[in-house]
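Source file target-v8.txt; content: compact mmCIF, C-alpha atoms.
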```txt
# COMPACT_ATOMS: atom_id res chain seq x y z
CA MET A 1 171.42 -58.64 76.00
CA GLU A 2 172.61 -56.48 78.84
CA ARG A 3 175.22 -53.87 78.00
CA ALA A 4 177.88 -55.62 80.08
CA ASP A 5 177.29 -58.89 78.22
CA ILE A 6 177.65 -57.17 74.82
CA VAL A 7 180.90 -55.51 75.86
CA ARG A 8 182.23 -58.77 77.31
CA SER A 9 181.51 -60.59 74.06
CA ASP A 10 182.96 -57.74 72.04
CA LYS A 11 186.21 -57.57 73.98
CA GLY A 12 186.51 -61.32 73.98
CA HIS A 13 186.14 -61.79 70.24
CA VAL A 14 185.93 -58.65 68.03
CA TRP A 15 189.08 -57.29 66.39
CA HIS A 16 188.27 -53.64 65.69
CA PRO A 17 189.59 -51.63 62.73
CA TYR A 18 192.11 -48.86 63.36
CA THR A 19 192.18 -49.71 67.05
CA ALA A 20 195.05 -50.49 69.41
CA MET A 21 193.37 -53.55 70.86
CA GLU A 22 195.39 -53.97 74.05
CA ALA A 23 194.46 -50.48 75.23
CA TYR A 24 190.90 -50.92 73.98
CA ILE A 25 190.37 -54.11 75.96
CA ALA A 26 191.99 -52.73 79.10
CA GLU A 27 190.73 -49.15 79.11
CA THR A 28 187.92 -48.37 76.68
CA ASP A 29 184.30 -48.08 77.70
CA PRO A 30 182.86 -48.34 74.18
CA MET A 31 179.67 -46.88 72.87
CA VAL A 32 177.22 -49.73 72.36
CA VAL A 33 174.98 -48.45 69.58
CA ALA A 34 171.43 -49.76 69.39
CA ARG A 35 169.64 -47.74 66.69
CA SER A 36 169.98 -44.71 64.44
CA GLU A 37 167.86 -42.19 62.61
CA GLY A 38 168.68 -39.03 60.69
CA PRO A 39 171.88 -37.42 62.01
CA TYR A 40 171.68 -39.27 65.35
CA PHE A 41 172.27 -42.68 66.88
CA TRP A 42 171.37 -44.00 70.32
CA ASP A 43 173.26 -46.36 72.60
CA VAL A 44 171.70 -49.20 74.58
CA ASP A 45 171.33 -46.89 77.60
CA GLY A 46 169.22 -44.45 75.59
CA GLN A 47 171.92 -41.77 75.22
CA ARG A 48 171.59 -39.89 71.95
CA TYR A 49 174.66 -38.90 69.91
CA LEU A 50 174.93 -36.55 66.96
CA ASP A 51 177.05 -38.30 64.35
CA ALA A 52 179.63 -35.69 63.37
CA ASN A 53 181.55 -37.97 61.01
CA GLY A 54 178.73 -39.65 59.10
CA SER A 55 179.91 -43.05 60.34
CA TRP A 56 183.22 -42.94 58.47
CA TRP A 57 181.81 -40.61 55.81
CA VAL A 58 179.20 -42.99 54.38
CA SER A 59 175.92 -41.62 55.77
CA THR A 60 175.70 -38.53 53.61
CA LEU A 61 171.90 -38.60 53.81
CA GLY A 62 171.78 -39.42 57.51
CA HIS A 63 170.93 -42.77 59.04
CA ARG A 64 168.00 -44.84 57.82
CA HIS A 65 166.73 -42.36 55.28
CA PRO A 66 163.19 -43.69 54.75
CA ARG A 67 163.43 -43.71 50.96
CA LEU A 68 166.63 -45.74 51.05
CA VAL A 69 165.20 -48.21 53.54
CA ARG A 70 162.12 -48.62 51.36
CA ALA A 71 164.22 -49.18 48.23
CA LEU A 72 166.27 -51.81 50.05
CA THR A 73 163.21 -53.57 51.41
CA GLU A 74 161.40 -53.62 48.08
CA GLN A 75 164.45 -54.94 46.23
CA ALA A 76 165.02 -57.64 48.86
CA GLY A 77 161.49 -58.83 48.20
CA ARG A 78 162.19 -59.26 44.48
CA LEU A 79 165.84 -60.10 43.89
CA PRO A 80 168.40 -59.91 46.70
CA HIS A 81 171.36 -61.20 44.72
CA VAL A 82 172.57 -62.62 41.44
CA SER A 83 176.04 -62.72 39.93
CA LEU A 84 176.83 -59.98 37.44
CA ALA A 85 179.22 -62.17 35.45
CA GLY A 86 177.59 -62.36 32.03
CA VAL A 87 174.18 -61.72 33.62
CA THR A 88 172.46 -58.41 34.22
CA HIS A 89 169.53 -56.99 36.14
CA GLU A 90 167.56 -53.77 36.13
CA PRO A 91 169.12 -51.99 39.15
CA ALA A 92 172.71 -52.39 37.90
CA ALA A 93 171.90 -51.57 34.28
CA LEU A 94 169.96 -48.42 35.15
CA LEU A 95 172.42 -47.30 37.83
CA ALA A 96 175.32 -47.52 35.39
CA ALA A 97 173.44 -45.34 32.91
CA GLU A 98 172.53 -42.84 35.63
CA LEU A 99 176.14 -42.59 36.85
CA ALA A 100 177.38 -42.04 33.30
CA ALA A 101 174.75 -39.31 32.89
CA ILE A 102 176.05 -37.31 35.87
CA ALA A 103 179.77 -38.09 35.51
CA PRO A 104 182.23 -35.23 35.10
CA GLY A 105 182.09 -33.95 31.55
CA SER A 106 178.72 -35.53 30.80
CA ASP A 107 177.23 -32.08 30.15
CA ARG A 108 179.92 -31.08 27.64
CA ALA A 109 178.79 -31.62 24.09
CA SER A 110 182.32 -30.90 22.88
CA LEU A 111 183.96 -33.64 24.95
CA PRO A 112 185.35 -36.33 22.62
CA ALA A 113 183.54 -39.65 22.86
CA GLY A 114 186.69 -41.45 23.96
CA GLU A 115 187.04 -39.20 27.02
CA ARG A 116 183.52 -39.69 28.32
CA LEU A 117 183.16 -41.67 31.56
CA SER A 118 180.59 -43.91 29.94
CA ARG A 119 181.49 -47.31 31.42
CA VAL A 120 180.89 -48.46 35.01
CA PHE A 121 182.53 -51.41 36.76
CA PHE A 122 180.90 -52.30 40.08
CA SER A 123 182.66 -53.58 43.20
CA ASP A 124 182.18 -53.75 46.96
CA ASN A 125 183.81 -50.70 48.55
CA GLY A 126 186.28 -47.87 48.09
CA SER A 127 189.39 -50.02 48.31
CA THR A 128 188.20 -52.34 45.58
CA ALA A 129 187.03 -49.43 43.44
CA VAL A 130 190.61 -48.16 43.54
CA GLU A 131 192.04 -51.64 43.01
CA VAL A 132 189.90 -51.95 39.88
CA ALA A 133 191.21 -48.62 38.55
CA ILE A 134 194.82 -49.67 39.17
CA LYS A 135 194.32 -52.94 37.33
CA MET A 136 192.45 -51.28 34.48
CA ALA A 137 195.26 -48.79 33.95
CA ALA A 138 198.06 -51.35 34.17
CA GLN A 139 196.34 -53.90 31.92
CA TYR A 140 195.34 -51.26 29.38
CA TRP A 141 198.94 -50.24 28.79
CA ALA A 142 200.19 -53.86 28.93
CA GLN A 143 197.99 -54.88 26.01
CA ASN A 144 197.91 -51.63 24.07
CA GLY A 145 201.52 -51.03 23.16
CA ARG A 146 203.06 -49.61 26.36
CA PRO A 147 203.86 -52.71 28.49
CA ARG A 148 206.50 -50.94 30.61
CA ARG A 149 203.85 -48.63 32.08
CA ALA A 150 203.36 -50.22 35.48
CA ARG A 151 204.16 -47.44 37.98
CA PHE A 152 201.88 -44.82 39.47
CA ILE A 153 202.47 -41.32 40.80
CA THR A 154 200.77 -40.65 44.12
CA LEU A 155 200.80 -38.00 46.83
CA SER A 156 202.36 -37.88 50.26
CA GLY A 157 199.59 -38.46 52.79
CA ALA A 158 197.42 -40.19 50.20
CA PHE A 159 194.92 -42.77 51.37
CA HIS A 160 193.30 -44.97 48.74
CA GLY A 161 192.19 -48.03 50.69
CA GLU A 162 193.35 -51.23 52.33
CA THR A 163 193.86 -53.83 49.60
CA ILE A 164 197.49 -54.37 48.59
CA GLY A 165 197.25 -52.35 45.40
CA ALA A 166 195.41 -49.52 47.12
CA THR A 167 197.93 -49.61 49.98
CA SER A 168 200.78 -49.45 47.46
CA VAL A 169 199.54 -46.12 46.10
CA GLY A 170 198.87 -44.82 49.61
CA GLY A 171 201.11 -42.26 51.26
CA VAL A 172 200.42 -42.50 55.00
CA PRO A 173 203.55 -44.21 56.40
CA LEU A 174 201.77 -45.69 59.42
CA PHE A 175 199.36 -47.56 57.16
CA ARG A 176 201.85 -48.87 54.61
CA GLU A 177 205.38 -49.29 56.01
CA VAL A 178 204.81 -52.65 57.70
CA PHE A 179 203.59 -54.04 54.38
CA GLY A 180 206.57 -52.68 52.45
CA PRO A 181 207.78 -56.05 51.11
CA LEU A 182 204.34 -56.70 49.60
CA LEU A 183 203.84 -53.36 47.88
CA PHE A 184 204.66 -52.40 44.31
CA ASP A 185 206.88 -49.43 43.54
CA VAL A 186 205.30 -45.99 43.12
CA VAL A 187 206.55 -42.43 42.73
CA HIS A 188 205.62 -40.35 45.77
CA VAL A 189 205.47 -36.58 45.42
CA PRO A 190 204.70 -33.98 48.13
CA SER A 191 201.10 -33.25 48.91
CA PRO A 192 199.95 -29.98 47.32
CA ALA A 193 198.60 -29.11 50.78
CA GLU A 194 202.10 -29.14 52.29
CA GLU A 195 204.39 -26.17 52.79
CA GLY A 196 205.52 -24.84 49.44
CA GLY A 197 202.08 -24.99 47.88
CA TRP A 198 200.66 -26.87 44.99
CA GLU A 199 203.17 -25.48 42.51
CA ARG A 200 206.03 -27.31 44.24
CA ALA A 201 204.12 -30.57 44.21
CA PHE A 202 203.12 -30.13 40.61
CA GLU A 203 206.70 -29.54 39.46
CA GLN A 204 207.61 -32.94 40.89
CA VAL A 205 204.64 -34.59 39.19
CA ARG A 206 205.59 -33.04 35.86
CA ALA A 207 209.26 -33.92 36.31
CA ALA A 208 208.40 -37.56 37.04
CA LEU A 209 206.11 -37.77 34.02
CA ARG A 210 208.71 -36.27 31.71
CA ALA A 211 211.54 -38.38 33.14
CA HIS A 212 209.65 -41.68 32.90
CA PRO A 213 207.00 -41.30 30.19
CA ASP A 214 207.19 -44.98 29.28
CA GLU A 215 206.85 -46.18 32.89
CA ILE A 216 203.97 -44.20 34.39
CA ALA A 217 200.59 -45.91 34.05
CA GLY A 218 198.80 -43.05 35.75
CA VAL A 219 198.59 -40.39 38.43
CA ILE A 220 196.13 -41.08 41.24
CA LEU A 221 194.72 -38.28 43.39
CA GLU A 222 192.18 -37.59 46.09
CA PRO A 223 191.04 -34.40 44.35
CA VAL A 224 191.23 -31.19 46.42
CA LEU A 225 190.69 -32.95 49.79
CA GLN A 226 192.90 -35.64 51.37
CA GLY A 227 190.75 -37.15 54.09
CA ALA A 228 192.79 -39.63 56.14
CA ALA A 229 195.88 -37.41 55.95
CA GLY A 230 194.09 -35.00 58.27
CA MET A 231 191.51 -33.30 56.08
CA LEU A 232 194.22 -31.59 54.02
CA MET A 233 192.83 -29.22 51.41
CA TYR A 234 194.53 -27.87 48.31
CA SER A 235 193.80 -25.79 45.24
CA PRO A 236 191.84 -27.20 42.31
CA ASP A 237 194.57 -25.59 40.20
CA PHE A 238 196.79 -28.56 41.06
CA VAL A 239 194.25 -31.03 39.69
CA ARG A 240 193.92 -28.94 36.54
CA ALA A 241 197.69 -28.77 36.05
CA VAL A 242 198.12 -32.51 36.61
CA ARG A 243 195.41 -33.24 34.05
CA GLU A 244 197.31 -31.21 31.46
CA ALA A 245 200.61 -32.87 32.38
CA THR A 246 199.14 -36.35 31.94
CA ARG A 247 197.82 -35.32 28.55
CA GLU A 248 201.32 -34.23 27.51
CA VAL A 249 202.63 -37.79 27.90
CA ASP A 250 199.29 -39.47 27.17
CA THR A 251 198.84 -41.32 30.44
CA PHE A 252 195.88 -41.65 32.80
CA LEU A 253 194.50 -39.50 35.59
CA ILE A 254 192.69 -41.51 38.27
CA ALA A 255 190.38 -39.58 40.59
CA ASP A 256 189.72 -41.30 43.91
CA GLU A 257 186.38 -39.75 44.85
CA VAL A 258 185.45 -42.38 47.42
CA PHE A 259 185.27 -39.64 50.09
CA THR A 260 184.81 -36.52 47.99
CA GLY A 261 182.30 -37.81 45.46
CA LEU A 262 178.59 -36.96 45.53
CA GLY A 263 178.64 -33.60 47.20
CA ARG A 264 181.04 -33.66 50.12
CA THR A 265 183.07 -30.72 48.76
CA GLY A 266 180.03 -28.79 47.57
CA ALA A 267 180.35 -29.97 43.97
CA ARG A 268 178.91 -33.24 42.72
CA PHE A 269 182.49 -34.45 42.24
CA ALA A 270 185.64 -32.77 43.52
CA VAL A 271 187.16 -32.80 40.02
CA ASP A 272 184.27 -30.57 38.97
CA LEU A 273 185.88 -27.82 41.08
CA ALA A 274 188.83 -28.02 38.70
CA GLY A 275 186.72 -28.47 35.59
CA VAL A 276 188.56 -31.61 34.51
CA VAL A 277 187.51 -35.08 33.41
CA PRO A 278 189.71 -37.96 34.63
CA ASP A 279 190.20 -41.22 32.76
CA LEU A 280 189.05 -43.28 35.75
CA LEU A 281 186.94 -42.24 38.73
CA CYS A 282 186.37 -44.26 41.92
CA LEU A 283 183.18 -44.06 44.00
CA ALA A 284 181.86 -45.71 47.17
CA LYS A 285 180.77 -44.47 50.65
CA ALA A 286 178.00 -41.99 49.75
CA LEU A 287 176.95 -44.11 46.81
CA SER A 288 174.84 -46.43 48.96
CA GLY A 289 173.92 -43.96 51.69
CA GLY A 290 175.41 -45.97 54.55
CA LEU A 291 173.12 -48.96 54.04
CA LEU A 292 175.35 -51.44 52.19
CA PRO A 293 178.93 -51.86 50.97
CA PHE A 294 178.94 -50.78 47.35
CA GLY A 295 181.50 -49.28 44.99
CA ALA A 296 181.95 -48.30 41.36
CA THR A 297 184.78 -47.39 39.02
CA LEU A 298 183.85 -45.16 36.09
CA ALA A 299 186.05 -45.57 33.03
CA SER A 300 186.38 -43.59 29.84
CA GLU A 301 185.29 -45.10 26.57
CA ARG A 302 188.95 -45.13 25.55
CA VAL A 303 189.93 -47.26 28.54
CA PHE A 304 187.00 -49.61 27.93
CA SER A 305 187.84 -50.04 24.26
CA GLY A 306 191.34 -51.16 25.22
CA PHE A 307 189.88 -54.39 26.60
CA LEU A 308 187.90 -55.36 23.51
CA GLY A 309 188.96 -58.10 21.13
CA ALA A 310 190.32 -61.55 21.93
CA PRO A 311 189.14 -63.22 25.17
CA GLN A 312 192.52 -62.83 26.85
CA ARG A 313 192.13 -59.03 26.64
CA ALA A 314 189.15 -59.03 29.02
CA LEU A 315 189.37 -57.64 32.56
CA TYR A 316 189.44 -60.82 34.61
CA TYR A 317 188.48 -59.26 37.89
CA GLY A 318 185.36 -59.28 40.04
CA HIS A 319 183.77 -59.99 43.40
CA SER A 320 180.84 -62.17 44.35
CA TYR A 321 178.69 -59.18 45.28
CA CYS A 322 179.83 -56.66 42.68
CA GLY A 323 176.85 -54.80 41.28
CA ASN A 324 174.51 -56.67 43.62
CA PRO A 325 170.82 -55.77 43.17
CA LEU A 326 170.36 -54.54 46.74
CA GLY A 327 173.24 -52.07 46.60
CA ALA A 328 172.40 -50.95 43.08
CA ALA A 329 168.75 -50.31 43.95
CA VAL A 330 169.75 -48.29 47.01
CA ALA A 331 172.35 -46.34 45.03
CA ARG A 332 169.73 -45.42 42.44
CA GLU A 333 167.54 -44.10 45.23
CA VAL A 334 170.48 -42.15 46.67
CA LEU A 335 170.85 -40.35 43.35
CA ALA A 336 167.10 -39.71 43.28
CA VAL A 337 167.15 -38.22 46.78
CA TYR A 338 170.03 -35.94 45.79
CA ARG A 339 167.89 -34.64 42.94
CA ASP A 340 164.59 -34.39 44.78
CA GLU A 341 165.94 -32.87 48.01
CA ASP A 342 168.45 -30.52 46.36
CA VAL A 343 171.27 -31.95 48.45
CA LEU A 344 173.97 -29.93 46.68
CA GLY A 345 171.96 -26.79 47.29
CA GLN A 346 171.75 -27.68 50.97
CA VAL A 347 175.53 -28.03 51.10
CA ALA A 348 175.98 -24.63 49.45
CA ARG A 349 173.82 -23.02 52.13
CA LYS A 350 175.51 -24.74 55.09
CA ALA A 351 179.16 -24.62 53.99
CA PRO A 352 179.73 -20.92 54.82
CA ARG A 353 178.50 -21.50 58.37
CA ILE A 354 180.96 -24.35 58.87
CA ARG A 355 183.84 -22.27 57.50
CA ALA A 356 182.99 -19.28 59.69
CA ALA A 357 182.65 -21.43 62.81
CA PHE A 358 186.04 -23.11 62.41
CA GLU A 359 187.76 -19.83 61.64
CA ARG A 360 186.20 -18.27 64.74
CA MET A 361 187.26 -21.21 66.93
CA ALA A 362 190.87 -20.93 65.75
CA GLN A 363 190.86 -17.19 66.46
CA THR A 364 189.39 -17.46 69.96
CA ILE A 365 190.66 -20.76 71.39
CA PRO A 366 194.37 -20.88 72.30
CA GLY A 367 196.50 -23.51 70.58
CA LEU A 368 194.28 -24.22 67.60
CA VAL A 369 195.94 -23.92 64.21
CA ARG A 370 195.16 -24.32 60.51
CA PRO A 371 191.39 -23.88 60.44
CA ARG A 372 190.05 -25.07 57.11
CA ALA A 373 186.77 -25.93 55.52
CA LEU A 374 185.42 -27.13 52.20
CA GLY A 375 181.82 -27.99 51.55
CA MET A 376 180.52 -30.01 54.49
CA VAL A 377 183.98 -30.57 56.00
CA GLY A 378 185.49 -28.41 58.73
CA ALA A 379 188.78 -29.11 60.48
CA VAL A 380 191.30 -27.63 62.89
CA ASP A 381 194.53 -28.92 64.47
CA LEU A 382 195.51 -28.97 68.12
CA GLY A 383 199.17 -29.45 67.23
CA GLY A 384 201.39 -31.36 64.88
CA GLY A 385 201.53 -34.76 66.50
CA GLY A 386 200.21 -36.78 63.58
CA TYR A 387 197.81 -39.70 63.48
CA LEU A 388 198.93 -41.29 66.77
CA ALA A 389 198.73 -38.06 68.76
CA ARG A 390 196.21 -38.06 71.59
CA GLY A 391 195.03 -34.45 71.63
CA GLY A 392 192.09 -35.12 69.37
CA TRP A 393 191.02 -38.05 71.51
CA ARG A 394 190.69 -35.80 74.54
CA VAL A 395 188.31 -33.70 72.45
CA TYR A 396 186.53 -36.93 71.46
CA GLU A 397 185.87 -37.73 75.14
CA ALA A 398 184.71 -34.19 75.87
CA ALA A 399 182.38 -34.33 72.87
CA ARG A 400 181.03 -37.72 73.90
CA ARG A 401 179.98 -36.28 77.24
CA ARG A 402 178.02 -33.69 75.26
CA GLY A 403 176.27 -36.22 73.07
CA LEU A 404 178.52 -35.88 69.99
CA TYR A 405 180.36 -38.64 68.15
CA LEU A 406 183.48 -36.83 66.95
CA ARG A 407 186.17 -39.33 65.91
CA PRO A 408 189.45 -37.41 65.31
CA LEU A 409 192.44 -38.00 63.06
CA GLY A 410 195.16 -37.75 65.71
CA ASP A 411 195.42 -34.06 66.59
CA THR A 412 193.03 -33.10 63.80
CA VAL A 413 189.48 -32.50 64.98
CA TYR A 414 187.03 -32.40 62.10
CA ILE A 415 183.40 -32.75 61.14
CA ALA A 416 182.02 -34.47 58.04
CA PRO A 417 178.33 -34.88 58.88
CA ALA A 418 175.36 -35.80 56.74
CA LEU A 419 174.98 -33.39 53.84
CA ASN A 420 171.28 -32.92 54.60
CA LEU A 421 171.91 -32.14 58.28
CA PRO A 422 169.03 -29.98 59.55
CA ASP A 423 169.94 -26.44 60.54
CA ALA A 424 169.13 -27.04 64.21
CA ALA A 425 171.39 -30.10 64.25
CA LEU A 426 174.19 -28.11 62.60
CA ASP A 427 173.84 -25.47 65.33
CA GLU A 428 174.04 -28.24 67.93
CA LEU A 429 177.09 -29.76 66.25
CA LEU A 430 179.09 -26.55 65.90
CA ALA A 431 178.29 -25.47 69.46
CA GLY A 432 179.28 -28.90 70.81
CA VAL A 433 182.56 -28.95 68.88
CA GLU A 434 183.46 -25.47 70.14
CA ALA A 435 182.62 -26.32 73.75
CA SER A 436 184.65 -29.53 73.57
CA LEU A 437 187.65 -27.77 72.07
CA ARG A 438 187.48 -25.06 74.73
CA GLU A 439 187.37 -27.67 77.47
CA VAL A 440 190.51 -29.38 76.17
CA ALA A 441 192.50 -26.46 74.78
CA GLY A 442 191.29 -23.76 77.14
CA GLY A 443 190.02 -20.33 76.24
```
Take the structure in the file and give it back as structure tokens.
Amino acid sequence: MERADIVRSDKGHVWHPYTAMEAYIAETDPMVVARSEGPYFWDVDGQRYLDANGSWWVSTLGHRHPRLVRALTEQAGRLPHVSLAGVTHEPAALLAAELAAIAPGSDRASLPAGERLSRVFFSDNGSTAVEVAIKMAAQYWAQNGRPRRARFITLSGAFHGETIGATSVGGVPLFREVFGPLLFDVVHVPSPAEEGGWERAFEQVRAALRAHPDEIAGVILEPVLQGAAGMLMYSPDFVRAVREATREVDTFLIADEVFTGLGRTGARFAVDLAGVVPDLLCLAKALSGGLLPFGATLASERVFSGFLGAPQRALYYGHSYCGNPLGAAVAREVLAVYRDEDVLGQVARKAPRIRAAFERMAQTIPGLVRPRALGMVGAVDLGGGGYLARGGWRVYEAARRRGLYLRPLGDTVYIAPALNLPDAALDELLAGVEASLREVAGG
């Protein structure tokens, strides 16, 4: 099809996510992407773009990594799909074992068996991975002697997904307020990245736990890095303190590692930076390397054992494609690529360059504030306008003219590229971001 025909069909029928559709239809000249490879994609006119955001943080190994494509193709030729309800298959069985083998705490011989993240429940995406964790926590307490435990503590600015349960534990007002009548009650505490530091936030977490020990089913966190809130970063000390506080009242810590898991922060899991083991851990995005929707919730042996016994104690939850053979086979290959290509080592080598570049930009370009970086994430703010601010979108347009895809979070301009980004591409990315910021902010 001609480009104009694609855009006409798109604007006539497609409802885009996170998009003000009236303005999009009237004003936007969209990228029409035709193909991708490595850190780049190309539009139908042949223009190449460097993907600075890893296509919403999923393409941690770049686009169309040949090993992932081969794993997908080979699995499709054998077994594309079968239900996982009372049935199993090799990719899911082996993937679950491999995830348990690399889970936080798996290398600690002294870790009690009940605390090991030894059980894996598969789902479709990050939202459902979180939804599973919420239901596991609530049902566990309901049928194991603490039925009043049905509330969760969550952070201001938290983003945990789009299903109703995940939205309930979210903390971005724009994403949740309209659904208020549908959401269950939670305890919101300040983000540890906000003014006052992590100690202030922790005191409110501890106070809520001590005030309502029989009501709190768990504390859910995006460990160390809150993505959708504007790439907010905070000390691992907060995660460590919250883990100890949940132990005091014997309730659960849920780590939402949908964005941070598998190397984004420089560690395999962000909770590893704090040296803690949660009771439940949610994964998606990087898990299938940008090829397929795929998610997983890792649960401790203690949580799992709370569902054993009579049939009515089972977790009656699932999706048609949970643990599907295609996604599981690709996820296994993702883990293999991480091992074989030393992806975490690559992040360790590149992260200082990202940090230095964003600090330099904030020092030399007027109006930029709060430079920050962690692992393969770098961010800076043009102001304090929040998610609907337009400053970042002016940078987006300037970057697009330079062949960069740089989707902002309001006034927050950030990068979260493929973890295996070649050095030359990283040079190109950092130079393009700086030039785009200078064009918009001056300097």
| task | Skip A:Gly227 itself and residues of its chain fewer than 2 positions away, then list as a VMD selection string all residues within 9 Å of it, counting only C-alpha atoms. | result | chain A and resid 158 to 159 222 225 229 to 233 259 to 260
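The residue that comes closest to A:Pro236, out of A:Glu115, A:Glu199, A:Asp185, A:Glu397 and on the basis of only C-alpha atoms, is A:Glu199.
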Using all atoms listed in the file, what residues lie at most 10 Å away from (166.5, -40.6, 35.8) (file coordinates), given as a list in words?
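These residues have at least one counted atom within 10 Å: Leu94, Leu95, Ala97, Glu98, Leu99, Ala101, Arg332, Leu335, Ala336 and Arg339 of chain A.
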inquiry  = From the options A:Val337, A:Ala255, A:Ala373, A:Ala20, which residue's atoms come nearest to A:Phe269, counting all atoms listed in the file?
reply    =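 Using all atoms listed in the file, the shortest distance to A:Phe269 belongs to A:Ala255.
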Handout entry: Shell around stretch 116-127 of chain A at 7 Å using all atoms listed in the file, local window under 6 positions removed, as an MDAnalysis selection string
Key = chainID A and resid 96 100 103 105:106 160:163 166 258 283:285 293:301 304 319 321:323
Can I get the selection written as a short mmCIF file (atom, residue, chain, number, x, y, z; two decimals), keeping the file's coordinate frame, with C-alpha atoms?
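Wrote part-v3.cif, looks like this:
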```cif
data_model
loop_
_atom_site.label_atom_id
_atom_site.label_comp_id
_atom_site.auth_asym_id
_atom_site.auth_seq_id
_atom_site.Cartn_x
_atom_site.Cartn_y
_atom_site.Cartn_z
CA ALA A 96 175.32 -47.52 35.39
CA ALA A 100 177.38 -42.04 33.30
CA ALA A 103 179.77 -38.09 35.51
CA GLY A 105 182.09 -33.95 31.55
CA SER A 106 178.72 -35.53 30.80
CA HIS A 160 193.30 -44.97 48.74
CA GLY A 161 192.19 -48.03 50.69
CA GLU A 162 193.35 -51.23 52.33
CA THR A 163 193.86 -53.83 49.60
CA ALA A 166 195.41 -49.52 47.12
CA VAL A 258 185.45 -42.38 47.42
CA LEU A 283 183.18 -44.06 44.00
CA ALA A 284 181.86 -45.71 47.17
CA LYS A 285 180.77 -44.47 50.65
CA PRO A 293 178.93 -51.86 50.97
CA PHE A 294 178.94 -50.78 47.35
CA GLY A 295 181.50 -49.28 44.99
CA ALA A 296 181.95 -48.30 41.36
CA THR A 297 184.78 -47.39 39.02
CA LEU A 298 183.85 -45.16 36.09
CA ALA A 299 186.05 -45.57 33.03
CA SER A 300 186.38 -43.59 29.84
CA GLU A 301 185.29 -45.10 26.57
CA PHE A 304 187.00 -49.61 27.93
CA HIS A 319 183.77 -59.99 43.40
CA TYR A 321 178.69 -59.18 45.28
CA CYS A 322 179.83 -56.66 42.68
CA GLY A 323 176.85 -54.80 41.28
#
```
Find the spatial neighbours of A:Val343, counting only C-alpha atoms, within a cut-off of 12 Å - ignore same-chain residues fewer than 2 positions away - and output them as an NGL selection string.
:A and (60-62 or 262-268 or 334-341 or 345-350 or 375-376 or 418-422)
Residue contacts of A:Ile220 (12 Å, only C-alpha atoms) excluding same-chain residues fewer than 2 positions away, as a compact mmCIF listing (two decimals) with C-alpha atoms, keeping the file's coordinate frame:
```txt
# COMPACT_ATOMS: atom_id res chain seq x y z
CA VAL A 130 190.61 -48.16 43.54
CA GLU A 131 192.04 -51.64 43.01
CA ALA A 133 191.21 -48.62 38.55
CA ILE A 134 194.82 -49.67 39.17
CA ALA A 137 195.26 -48.79 33.95
CA ARG A 151 204.16 -47.44 37.98
CA PHE A 152 201.88 -44.82 39.47
CA ILE A 153 202.47 -41.32 40.80
CA THR A 154 200.77 -40.65 44.12
CA LEU A 155 200.80 -38.00 46.83
CA SER A 156 202.36 -37.88 50.26
CA ALA A 158 197.42 -40.19 50.20
CA PHE A 159 194.92 -42.77 51.37
CA HIS A 160 193.30 -44.97 48.74
CA ALA A 166 195.41 -49.52 47.12
CA SER A 168 200.78 -49.45 47.46
CA VAL A 169 199.54 -46.12 46.10
CA GLY A 170 198.87 -44.82 49.61
CA GLY A 171 201.11 -42.26 51.26
CA VAL A 186 205.30 -45.99 43.12
CA VAL A 187 206.55 -42.43 42.73
CA HIS A 188 205.62 -40.35 45.77
CA VAL A 189 205.47 -36.58 45.42
CA VAL A 205 204.64 -34.59 39.19
CA ILE A 216 203.97 -44.20 34.39
CA ALA A 217 200.59 -45.91 34.05
CA GLY A 218 198.80 -43.05 35.75
CA GLU A 222 192.18 -37.59 46.09
CA PRO A 223 191.04 -34.40 44.35
CA GLN A 226 192.90 -35.64 51.37
CA VAL A 239 194.25 -31.03 39.69
CA VAL A 242 198.12 -32.51 36.61
CA ARG A 243 195.41 -33.24 34.05
CA THR A 246 199.14 -36.35 31.94
CA THR A 251 198.84 -41.32 30.44
CA PHE A 252 195.88 -41.65 32.80
CA LEU A 253 194.50 -39.50 35.59
CA ILE A 254 192.69 -41.51 38.27
CA ALA A 255 190.38 -39.58 40.59
CA ASP A 256 189.72 -41.30 43.91
CA GLU A 257 186.38 -39.75 44.85
CA PRO A 278 189.71 -37.96 34.63
CA ASP A 279 190.20 -41.22 32.76
CA LEU A 280 189.05 -43.28 35.75
CA LEU A 281 186.94 -42.24 38.73
CA CYS A 282 186.37 -44.26 41.92
```
Write out as a PDB file with C-alpha atoms, keeping the file's coordinate frame which residues come within 6 Å of A:His81 when counting all atoms listed in the file, dropping same-chain ones fewer than 2 positions away.
```
ATOM      1  CA  LEU A  79     165.840 -60.100  43.890  1.00  0.00           C
ATOM      2  CA  ASN A 324     174.510 -56.670  43.620  1.00  0.00           C
ATOM      3  CA  PRO A 325     170.820 -55.770  43.170  1.00  0.00           C
TER       4      PRO A 325
END
```
Counting all atoms listed in the file, the residue among A:Pro417, A:Val44, A:Ala23, A:Ala379 that lies closest to A:Met1 is A:Val44
Please check which residues have atoms at most 12 Å from (166.9, -50.2, 49.5) in the file's coordinates, counting all atoms listed in the file, and write them as a ChimeraX atom specification.
/A:64-80,91,288-292,324-334
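From atom CA of A:Arg407 back to atom CA of A:Tyr387, the distance works out to 11.9 Å.
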### Nearest to A:Leu209 by atom-to-atom distance, counting all atoms listed in the file, from A:Leu404, A:Val249, A:Val224, A:Ala441
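Distance minimum relative to A:Leu209 lands on A:Val249.
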query = Which of these, A:Gly403, A:Gly197, A:Val172, A:His13, has the shortest distance to A:Trp42 once you count all atoms listed in the file?
reply =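 Going through A:Gly403, A:Gly197, A:Val172, A:His13 one by one, the smallest distance to A:Trp42 is for A:Gly403.
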